[in-house]
file query.pdb (PDB, C-alpha atoms)
ATOM      1  CA  MET A   1      -6.241  20.850 -18.643
ATOM      2  CA  ASP A   2      -7.388  24.252 -17.371
ATOM      3  CA  ARG A   3      -7.558  25.072 -13.682
ATOM      4  CA  ARG A   4     -11.310  24.654 -13.428
ATOM      5  CA  LYS A   5     -11.084  21.142 -14.842
ATOM      6  CA  GLU A   6      -8.147  20.373 -12.577
ATOM      7  CA  ARG A   7     -10.172  21.425  -9.537
ATOM      8  CA  THR A   8     -13.119  19.292 -10.656
ATOM      9  CA  VAL A   9     -10.961  16.222 -11.241
ATOM     10  CA  ALA A  10      -9.192  16.687  -7.903
ATOM     11  CA  ALA A  11     -12.518  17.094  -6.075
ATOM     12  CA  LEU A  12     -13.904  13.925  -7.656
ATOM     13  CA  LEU A  13     -10.798  11.928  -6.797
ATOM     14  CA  ARG A  14     -10.906  13.114  -3.179
ATOM     15  CA  ALA A  15     -14.589  12.286  -2.885
ATOM     16  CA  ALA A  16     -14.102   8.873  -4.464
ATOM     17  CA  GLU A  17     -11.215   8.077  -2.120
ATOM     18  CA  GLU A  18     -13.376   8.923   0.892
ATOM     19  CA  VAL A  19     -16.437   7.028  -0.291
ATOM     20  CA  PHE A  20     -14.689   3.919  -1.647
ATOM     21  CA  ARG A  21     -12.727   3.675   1.589
ATOM     22  CA  GLU A  22     -15.996   3.087   3.417
ATOM     23  CA  ARG A  23     -18.075   1.066   0.965
ATOM     24  CA  SER A  24     -17.963  -1.142  -2.095
ATOM     25  CA  ALA A  25     -18.426   0.631  -5.420
ATOM     26  CA  ASP A  26     -21.632  -1.371  -5.927
ATOM     27  CA  ASP A  27     -23.170   0.483  -2.976
ATOM     28  CA  VAL A  28     -22.194   3.943  -4.214
ATOM     29  CA  THR A  29     -24.076   6.024  -6.788
ATOM     30  CA  VAL A  30     -22.692   8.617  -9.163
ATOM     31  CA  GLU A  31     -25.095  11.103  -7.593
ATOM     32  CA  GLU A  32     -23.524  10.532  -4.181
ATOM     33  CA  LEU A  33     -20.017  10.919  -5.561
ATOM     34  CA  ALA A  34     -20.934  14.134  -7.367
ATOM     35  CA  GLU A  35     -22.632  15.561  -4.285
ATOM     36  CA  ARG A  36     -19.635  14.723  -2.099
ATOM     37  CA  ALA A  37     -17.339  16.421  -4.601
ATOM     38  CA  GLY A  38     -19.644  19.419  -5.030
ATOM     39  CA  VAL A  39     -19.852  19.025  -8.803
ATOM     40  CA  ALA A  40     -22.455  18.014 -11.375
ATOM     41  CA  VAL A  41     -23.049  14.332 -12.099
ATOM     42  CA  GLY A  42     -22.072  14.954 -15.701
ATOM     43  CA  SER A  43     -18.535  15.797 -14.567
ATOM     44  CA  ILE A  44     -17.960  12.157 -13.679
ATOM     45  CA  TYR A  45     -18.819  11.069 -17.207
ATOM     46  CA  ASN A  46     -16.955  13.957 -18.813
ATOM     47  CA  HIS A  47     -13.683  13.274 -16.990
ATOM     48  CA  PHE A  48     -13.759   9.563 -16.188
ATOM     49  CA  GLY A  49     -16.388   8.030 -18.467
ATOM     50  CA  SER A  50     -18.206   6.219 -15.669
ATOM     51  CA  LYS A  51     -18.197   5.415 -11.967
ATOM     52  CA  ALA A  52     -15.908   2.474 -12.739
ATOM     53  CA  GLY A  53     -13.565   4.824 -14.564
ATOM     54  CA  LEU A  54     -13.387   7.097 -11.531
ATOM     55  CA  GLN A  55     -12.710   4.158  -9.247
ATOM     56  CA  ALA A  56      -9.984   2.934 -11.610
ATOM     57  CA  ALA A  57      -8.339   6.365 -11.500
ATOM     58  CA  VAL A  58      -8.288   6.281  -7.693
ATOM     59  CA  VAL A  59      -6.781   2.786  -7.699
ATOM     60  CA  GLU A  60      -4.112   3.821 -10.195
ATOM     61  CA  HIS A  61      -3.185   6.828  -8.056
ATOM     62  CA  ALA A  62      -2.794   4.507  -5.067
ATOM     63  CA  LEU A  63      -0.676   2.024  -7.012
ATOM     64  CA  GLN A  64       1.595   4.726  -8.390
ATOM     65  CA  ALA A  65       2.130   6.232  -4.941
ATOM     66  CA  ASP A  66       3.036   2.796  -3.584
ATOM     67  CA  ARG A  67       5.475   2.218  -6.462
ATOM     68  CA  ASP A  68       7.153   5.567  -5.860
ATOM     69  CA  PHE A  69       7.863   4.766  -2.214
ATOM     70  CA  MET A  70       9.004   1.205  -2.852
ATOM     71  CA  ASP A  71      11.295   2.299  -5.688
ATOM     72  CA  ARG A  72      13.311   4.175  -3.093
ATOM     73  CA  ALA A  73      13.522   1.081  -0.898
ATOM     74  CA  TYR A  74      14.907  -1.103  -3.640
ATOM     75  CA  ALA A  75      17.401   1.399  -5.010
ATOM     76  CA  SER A  76      20.628  -0.181  -6.230
ATOM     77  CA  GLY A  77      23.800  -0.072  -4.177
ATOM     78  CA  THR A  78      22.401  -1.594  -0.978
ATOM     79  CA  THR A  79      22.670  -5.128   0.397
ATOM     80  CA  PRO A  80      19.662  -7.480   0.256
ATOM     81  CA  LEU A  81      19.059  -7.166   3.996
ATOM     82  CA  GLU A  82      19.313  -3.374   3.850
ATOM     83  CA  ARG A  83      16.685  -3.358   1.104
ATOM     84  CA  ILE A  84      14.360  -5.396   3.305
ATOM     85  CA  TYR A  85      14.714  -2.914   6.169
ATOM     86  CA  ALA A  86      14.267  -0.036   3.730
ATOM     87  CA  ALA A  87      11.101  -1.658   2.375
ATOM     88  CA  ALA A  88       9.604  -1.661   5.881
ATOM     89  CA  GLU A  89      10.514   2.015   6.351
ATOM     90  CA  GLU A  90       9.115   3.080   2.992
ATOM     91  CA  TYR A  91       5.948   1.040   3.493
ATOM     92  CA  LEU A  92       5.318   2.981   6.693
ATOM     93  CA  ALA A  93       6.145   6.244   4.900
ATOM     94  CA  PHE A  94       3.576   5.331   2.242
ATOM     95  CA  TYR A  95       0.939   4.803   4.940
ATOM     96  CA  LEU A  96       1.778   8.068   6.720
ATOM     97  CA  ALA A  97       1.589  10.059   3.482
ATOM     98  CA  TYR A  98      -1.459   8.305   2.006
ATOM     99  CA  PRO A  99      -3.390   6.405   4.690
ATOM    100  CA  ASP A 100      -6.449   5.925   2.466
ATOM    101  CA  TYR A 101      -4.328   4.554  -0.364
ATOM    102  CA  PHE A 102      -2.578   2.224   2.055
ATOM    103  CA  ARG A 103      -5.870   0.806   3.301
ATOM    104  CA  MET A 104      -7.091   0.406  -0.259
ATOM    105  CA  LEU A 105      -4.101  -1.773  -1.123
ATOM    106  CA  ALA A 106      -3.565  -3.622   2.159
ATOM    107  CA  PHE A 107      -7.191  -4.143   3.194
ATOM    108  CA  PRO A 108      -9.356  -3.759   0.069
ATOM    109  CA  ASN A 109     -13.137  -3.690   0.187
ATOM    110  CA  SER A 110     -15.204  -6.351  -1.541
ATOM    111  CA  PRO A 111     -15.045  -5.865  -5.313
ATOM    112  CA  GLY A 112     -18.818  -6.336  -5.573
ATOM    113  CA  GLN A 113     -20.725  -8.379  -8.088
ATOM    114  CA  TYR A 114     -19.993  -6.500 -11.305
ATOM    115  CA  GLN A 115     -17.171  -7.231 -13.727
ATOM    116  CA  ALA A 116     -15.616  -3.767 -13.464
ATOM    117  CA  GLY A 117     -15.127  -4.227  -9.732
ATOM    118  CA  GLN A 118     -13.665  -7.690 -10.190
ATOM    119  CA  GLU A 119     -11.254  -6.423 -12.830
ATOM    120  CA  LEU A 120     -10.088  -3.606 -10.543
ATOM    121  CA  ALA A 121      -9.589  -6.056  -7.680
ATOM    122  CA  ASP A 122      -7.478  -8.252  -9.953
ATOM    123  CA  ARG A 123      -5.466  -5.214 -11.069
ATOM    124  CA  LEU A 124      -4.831  -4.220  -7.478
ATOM    125  CA  ALA A 125      -3.838  -7.758  -6.460
ATOM    126  CA  ARG A 126      -1.435  -8.077  -9.380
ATOM    127  CA  SER A 127       0.272  -4.816  -8.487
ATOM    128  CA  VAL A 128       0.635  -5.759  -4.815
ATOM    129  CA  ASP A 129       2.036  -9.117  -5.922
ATOM    130  CA  GLU A 130       4.544  -7.330  -8.160
ATOM    131  CA  GLN A 131       5.793  -5.308  -5.199
ATOM    132  CA  ASN A 132       6.049  -8.424  -3.038
ATOM    133  CA  LYS A 133       8.128 -10.075  -5.760
ATOM    134  CA  ARG A 134      10.708  -7.353  -5.269
ATOM    135  CA  LEU A 135      10.935  -8.428  -1.640
ATOM    136  CA  VAL A 136      11.240 -12.032  -2.797
ATOM    137  CA  ALA A 137      14.057 -10.998  -5.139
ATOM    138  CA  ALA A 138      15.959  -9.284  -2.322
ATOM    139  CA  LEU A 139      15.643 -12.387  -0.156
ATOM    140  CA  ARG A 140      16.728 -14.658  -3.004
ATOM    141  CA  GLN A 141      19.781 -12.496  -3.707
ATOM    142  CA  GLY A 142      20.780 -12.700  -0.059
ATOM    143  CA  ILE A 143      20.455 -16.482  -0.113
ATOM    144  CA  GLU A 144      22.472 -16.809  -3.323
ATOM    145  CA  ALA A 145      25.188 -14.556  -1.888
ATOM    146  CA  GLY A 146      25.430 -16.778   1.184
ATOM    147  CA  GLU A 147      24.327 -13.963   3.498
ATOM    148  CA  LEU A 148      20.918 -15.452   4.331
ATOM    149  CA  ARG A 149      19.867 -18.974   5.256
ATOM    150  CA  GLU A 150      18.240 -21.308   2.757
ATOM    151  CA  VAL A 151      14.549 -20.527   3.160
ATOM    152  CA  ASP A 152      11.543 -20.210   0.881
ATOM    153  CA  PRO A 153      11.810 -16.520  -0.106
ATOM    154  CA  GLU A 154       8.154 -16.330  -1.168
ATOM    155  CA  GLU A 155       6.951 -17.584   2.208
ATOM    156  CA  VAL A 156       9.252 -15.236   4.114
ATOM    157  CA  ALA A 157       8.169 -12.283   1.949
ATOM    158  CA  THR A 158       4.524 -13.104   2.702
ATOM    159  CA  VAL A 159       5.259 -13.292   6.433
ATOM    160  CA  LEU A 160       6.971  -9.892   6.366
ATOM    161  CA  TRP A 161       4.238  -8.283   4.264
ATOM    162  CA  ALA A 162       1.476  -9.633   6.529
ATOM    163  CA  ALA A 163       3.355  -8.577   9.671
ATOM    164  CA  TRP A 164       3.961  -5.063   8.344
ATOM    165  CA  ASN A 165       0.291  -4.702   7.386
ATOM    166  CA  GLY A 166      -0.826  -5.828  10.817
ATOM    167  CA  ILE A 167       1.539  -3.487  12.637
ATOM    168  CA  ILE A 168       0.674  -0.465  10.523
ATOM    169  CA  SER A 169      -3.052  -1.123  11.012
ATOM    170  CA  LEU A 170      -2.516  -0.295  14.695
ATOM    171  CA  GLY A 171      -2.153   3.296  13.552
ATOM    172  CA  TRP A 172      -5.871   3.731  12.922
ATOM    173  CA  ARG A 173      -7.371   1.863  15.855
ATOM    174  CA  PRO A 174     -10.027   4.043  17.560
ATOM    175  CA  ASP A 175      -9.121   2.928  21.095
ATOM    176  CA  ARG A 176      -6.229   3.049  23.549
ATOM    177  CA  LEU A 177      -4.406   0.345  21.575
ATOM    178  CA  ARG A 178      -3.736   2.812  18.791
ATOM    179  CA  HIS A 179      -0.018   3.441  18.141
ATOM    180  CA  ASP A 180       1.607   6.656  16.964
ATOM    181  CA  GLU A 181       4.228   7.041  14.237
ATOM    182  CA  ALA A 182       7.229   6.507  16.507
ATOM    183  CA  GLU A 183       5.705   3.381  18.008
ATOM    184  CA  LEU A 184       4.801   1.988  14.586
ATOM    185  CA  ARG A 185       8.342   2.560  13.354
ATOM    186  CA  ARG A 186       9.788   0.807  16.400
ATOM    187  CA  LEU A 187       7.433  -2.170  16.041
ATOM    188  CA  LEU A 188       8.233  -2.523  12.339
ATOM    189  CA  ARG A 189      11.911  -2.575  13.227
ATOM    190  CA  VAL A 190      11.332  -5.244  15.869
ATOM    191  CA  ALA A 191       9.339  -7.423  13.482
ATOM    192  CA  THR A 192      11.939  -7.075  10.750
ATOM    193  CA  ASP A 193      14.751  -7.716  13.251
ATOM    194  CA  VAL A 194      13.104 -10.951  14.380
ATOM    195  CA  VAL A 195      12.844 -12.233  10.823
ATOM    196  CA  GLY A 196      16.121 -10.710   9.655
ATOM    197  CA  ASP A 197      18.193 -12.126  12.513
ATOM    198  CA  GLY A 198      16.640 -15.524  11.934
ATOM    199  CA  LEU A 199      17.652 -15.372   8.276
ATOM    200  CA  LEU A 200      21.313 -14.512   8.825
ATOM    201  CA  VAL A 201      23.889 -17.203   8.321
ATOM    202  CA  GLY A 202      26.141 -18.299  11.184
ATOM    203  CA  ASP A 203      28.034 -15.675  13.155
ATOM    204  CA  GLN A 204      26.475 -12.822  11.166
ATOM    205  CA  GLN A 205      23.620 -12.922  13.679
ATOM    206  CA  SER A 206      25.764 -11.431  16.389
ATOM    207  CA  SER A 207      27.592  -8.949  14.171
ATOM    208  CA  THR A 208      24.790  -7.021  12.480
ATOM    209  CA  GLY A 209      24.730  -4.270  15.073
ATOM    210  CA  ARG A 210      21.075  -3.573  14.361
TER     211      ARG A 210
END

call {"tool": "encode", "arguments": {"input": "query.pdb", "output": "structure tokens"}}
result
Amino acid sequence: MDRRKERTVAALLRAAEEVFRERSADDVTVEELAERAGVAVGSIYNHFGSKAGLQAAVVEHALQADRDFMDRAYASGTTPLERIYAAAEEYLAFYLAYPDYFRMLAFPNSPGQYQAGQELADRLARSVDEQNKRLVAALRQGIEAGELREVDPEEVATVLWAAWNGIISLGWRPDRLRHDEAELRRLLRVATDVVGDGLLVGDQQSSTGR
């Protein structure tokens, strides 16, 4: 792809990220997307085939970015509990690097009434579920190793995921309750400590040093 095409594609992706962050794809026209990007309407069809194709490209960029961060969290050679703490850290790093992508995955807009939107919503949900299953796997490994209490790993993973989403959302509040990066990191640690300490077996609770 030559540089002119690269600039056009990048401009369309940026415009789509901005617009789809605010509204459902059903409420957005190709003319609006092209105008926001500063390109001709035909560029959308030339590079993405359709509005739905452009939206799908944005979603895939978001999913890949999320995967890249979480891959680091679940790298081999760490204990199950360390992977859980790392997942919280990398989830915050994902938000700080790509706040629009984070919102797209954690708090998606309505998919609208058309099939393309529904299919994208399903794709997004499946990918988020895949990432949460990695958290479930870490919890299950800790239980099987005797390091963590016998709990439902899927329920605990959902609690952690929901708590992390809620905490990170404080980063974009428009009022005095907004929290900065350092505060978000501290709150994520507190939330993970509360759950993590409750999961530890026996005297491990007093010997984690966290």

call {"tool": "residues_around", "arguments": {"input": "query.pdb", "residues": "range 111-128 of chain A", "least_positions_apart": "6", "cutoff": "10 Å", "atoms": "only C-alpha atoms", "output": "PyMOL selection string"}}
result
chain A and resi 23-27+51-53+55-56+59-60+62-64+66-67+104-105

call {"tool": "closest_residue", "arguments": {"input": "query.pdb", "among": "A:Glu32, A:Glu181, A:Asp175, A:Glu18", "to": "Ala93 in chain A", "atoms": "only C-alpha atoms"}}
result
A:Glu181

call {"tool": "closest_residue", "arguments": {"input": "query.pdb", "among": "A:Val39, A:Ala138, A:Leu96, A:Ala106", "to": "Asp180 in chain A", "atoms": "all atoms listed in the file"}}
result
A:Leu96

call {"tool": "residues_around", "arguments": {"input": "query.pdb", "residues": "Pro80 in chain A", "least_positions_apart": "3", "cutoff": "7 Å", "atoms": "all atoms listed in the file", "output": "tab-separated table (two decimals) with C-alpha atoms, keeping the file's coordinate frame"}}
result
chain	number	residue	atom	x	y	z
A	83	ARG	CA	16.68	-3.36	1.10
A	84	ILE	CA	14.36	-5.40	3.30
A	138	ALA	CA	15.96	-9.28	-2.32
A	139	LEU	CA	15.64	-12.39	-0.16
A	141	GLN	CA	19.78	-12.50	-3.71
A	142	GLY	CA	20.78	-12.70	-0.06

call {"tool": "resolve_selection", "arguments": {"input": "query.pdb", "expression": "the PyMOL selection byres ((chain A and resi 38) around 12)", "output": "PDB file with C-alpha atoms, in the frame of the given file"}}
result
ATOM      1  CA  ARG A   7     -10.172  21.425  -9.537  1.00  0.00           C
ATOM      2  CA  THR A   8     -13.119  19.292 -10.656  1.00  0.00           C
ATOM      3  CA  VAL A   9     -10.961  16.222 -11.241  1.00  0.00           C
ATOM      4  CA  ALA A  10      -9.192  16.687  -7.903  1.00  0.00           C
ATOM      5  CA  ALA A  11     -12.518  17.094  -6.075  1.00  0.00           C
ATOM      6  CA  LEU A  12     -13.904  13.925  -7.656  1.00  0.00           C
ATOM      7  CA  LEU A  13     -10.798  11.928  -6.797  1.00  0.00           C
ATOM      8  CA  ARG A  14     -10.906  13.114  -3.179  1.00  0.00           C
ATOM      9  CA  ALA A  15     -14.589  12.286  -2.885  1.00  0.00           C
ATOM     10  CA  ALA A  16     -14.102   8.873  -4.464  1.00  0.00           C
ATOM     11  CA  VAL A  30     -22.692   8.617  -9.163  1.00  0.00           C
ATOM     12  CA  GLU A  31     -25.095  11.103  -7.593  1.00  0.00           C
ATOM     13  CA  GLU A  32     -23.524  10.532  -4.181  1.00  0.00           C
ATOM     14  CA  LEU A  33     -20.017  10.919  -5.561  1.00  0.00           C
ATOM     15  CA  ALA A  34     -20.934  14.134  -7.367  1.00  0.00           C
ATOM     16  CA  GLU A  35     -22.632  15.561  -4.285  1.00  0.00           C
ATOM     17  CA  ARG A  36     -19.635  14.723  -2.099  1.00  0.00           C
ATOM     18  CA  ALA A  37     -17.339  16.421  -4.601  1.00  0.00           C
ATOM     19  CA  VAL A  39     -19.852  19.025  -8.803  1.00  0.00           C
ATOM     20  CA  ALA A  40     -22.455  18.014 -11.375  1.00  0.00           C
ATOM     21  CA  VAL A  41     -23.049  14.332 -12.099  1.00  0.00           C
ATOM     22  CA  GLY A  42     -22.072  14.954 -15.701  1.00  0.00           C
ATOM     23  CA  SER A  43     -18.535  15.797 -14.567  1.00  0.00           C
ATOM     24  CA  ILE A  44     -17.960  12.157 -13.679  1.00  0.00           C
TER      25      ILE A  44
END

call {"tool": "closest_atom_pairs", "arguments": {"input": "query.pdb", "of": "range 25-123 of chain A", "to": "range 147-151 of chain A", "cutoff": "12 Å", "atoms": "only C-alpha atoms", "output": "CSV"}}
result
residue,atom,partner,partner_atom,distance
A:Thr79,CA,A:Glu147,CA,9.5
A:Pro80,CA,A:Glu147,CA,8.6
A:Leu81,CA,A:Leu148,CA,8.5
A:Glu82,CA,A:Glu147,CA,11.7

call {"tool": "residues_around", "arguments": {"input": "query.pdb", "residues": "Leu170 in chain A", "least_positions_apart": "5", "cutoff": "8 Å", "atoms": "only C-alpha atoms", "output": "PyMOL selection string"}}
result
chain A and resi 177-179+184

call {"tool": "closest_residue", "arguments": {"input": "query.pdb", "among": "A:Glu90, A:Glu130, A:Glu155, A:Asp197", "to": "Arg185 in chain A", "atoms": "all atoms listed in the file"}}
result
A:Glu90

call {"tool": "closest_residue", "arguments": {"input": "query.pdb", "among": "A:Glu89, A:Asp100, A:Arg134, A:Ala163", "to": "Ala182 in chain A", "atoms": "all atoms listed in the file"}}
result
A:Glu89

call {"tool": "atom_distance", "arguments": {"input": "query.pdb", "atom1": "CA of Arg176 in chain A", "atom2": "CA of Phe94 in chain A"}}
result
23.6 Å

call {"tool": "atom_distance", "arguments": {"input": "query.pdb", "atom1": "CA of Trp164 in chain A", "atom2": "CA of Leu188 in chain A"}}
result
6.4 Å
